[in-house]
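Have a look at the structure below before the remarks.
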Amino acid sequence: MRASAAVLALTLGLAACSQAEESEQAQQQEPVEVEKLQHVVDLQAAGLAVPPQGSAGQLDVPFGSRKEAAEATLSSVLGEKLASATNAECPAGPVASSSYEGLTLNYQDDAFVGWMAEAPYLPSETRAQLLASEGVTLVEGSSLGEEFVIGNPDGLSISGLFDGSGDDARVVRMWAGVNCIFR
């Protein structure tokens, strides 16, 4: 069974304890059966969040989180890790990644530093609808294609690509933080 929010909160809380306390408490902890979380993640400019579900509160995974803690928290909604890789030639330096269905988590020095999303985590709005929203702008002359930015292009933002230039074009990829993108 997938890890639950309650168990994850306990696990993350224990991470703050010393190694001896953590080991002692882990031996005493009994597994708890709780509901599965839905396949939902909020894509944010500063990380990811699992919205409140059932009796579980929101679980935030900000950039800078330890890899182990990020993956433990997100595994409850992302499911099984499909692949792990390392790319030593990224413009931002070596990036390790863990891929799940539709979402890749990026790490540097064992810290969560970025994400890249595809379906089922993309917005359903068309290009025209998104560009009509406040804070969404096209990146003129992008070498990546029909690129857009949500938020401050010079600060915290989410970037993405449309599958064309027409009003009915759809989002095919989004990312935030450190990603291995060659321009």
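Each chain of the structure tokens is named A, B, ... in the order shown, its residues numbered from 1; ligands are numbered from 1 in display order.
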Residues of segment 9-181 of chain A in helix (DSSP H, G or I), written as a VMD selection string: chain A and resid 9 to 15 19 to 28 67 to 78 127 to 131
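Taking atom CA of Trp115 of chain A as the reference point, atom CA of Gln53 of chain A is found at 22.1 Å.
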Selected residue, from A:Leu156, A:Ala117, A:Val149, A:Val178, that lies nearest to Thr104 of chain A when counting only C-alpha atoms: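 Looking only at the distances to Thr104 of chain A, the closest residue turns out to be A:Ala117.
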Show which residues sit within 12 Å of segment 87-89 of chain A, as a list in words. Count only C-alpha atoms, and ignore same-chain residues fewer than 2 positions away.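 Returned residues: Ser84, Ala85, Pro91, Ala92, Gly93, Pro94, Val95, Ala96, Ser97, Ser98, Asn106, Tyr107, Gln108, Asn179, Cys180, Ile181 and Phe182 of chain A.
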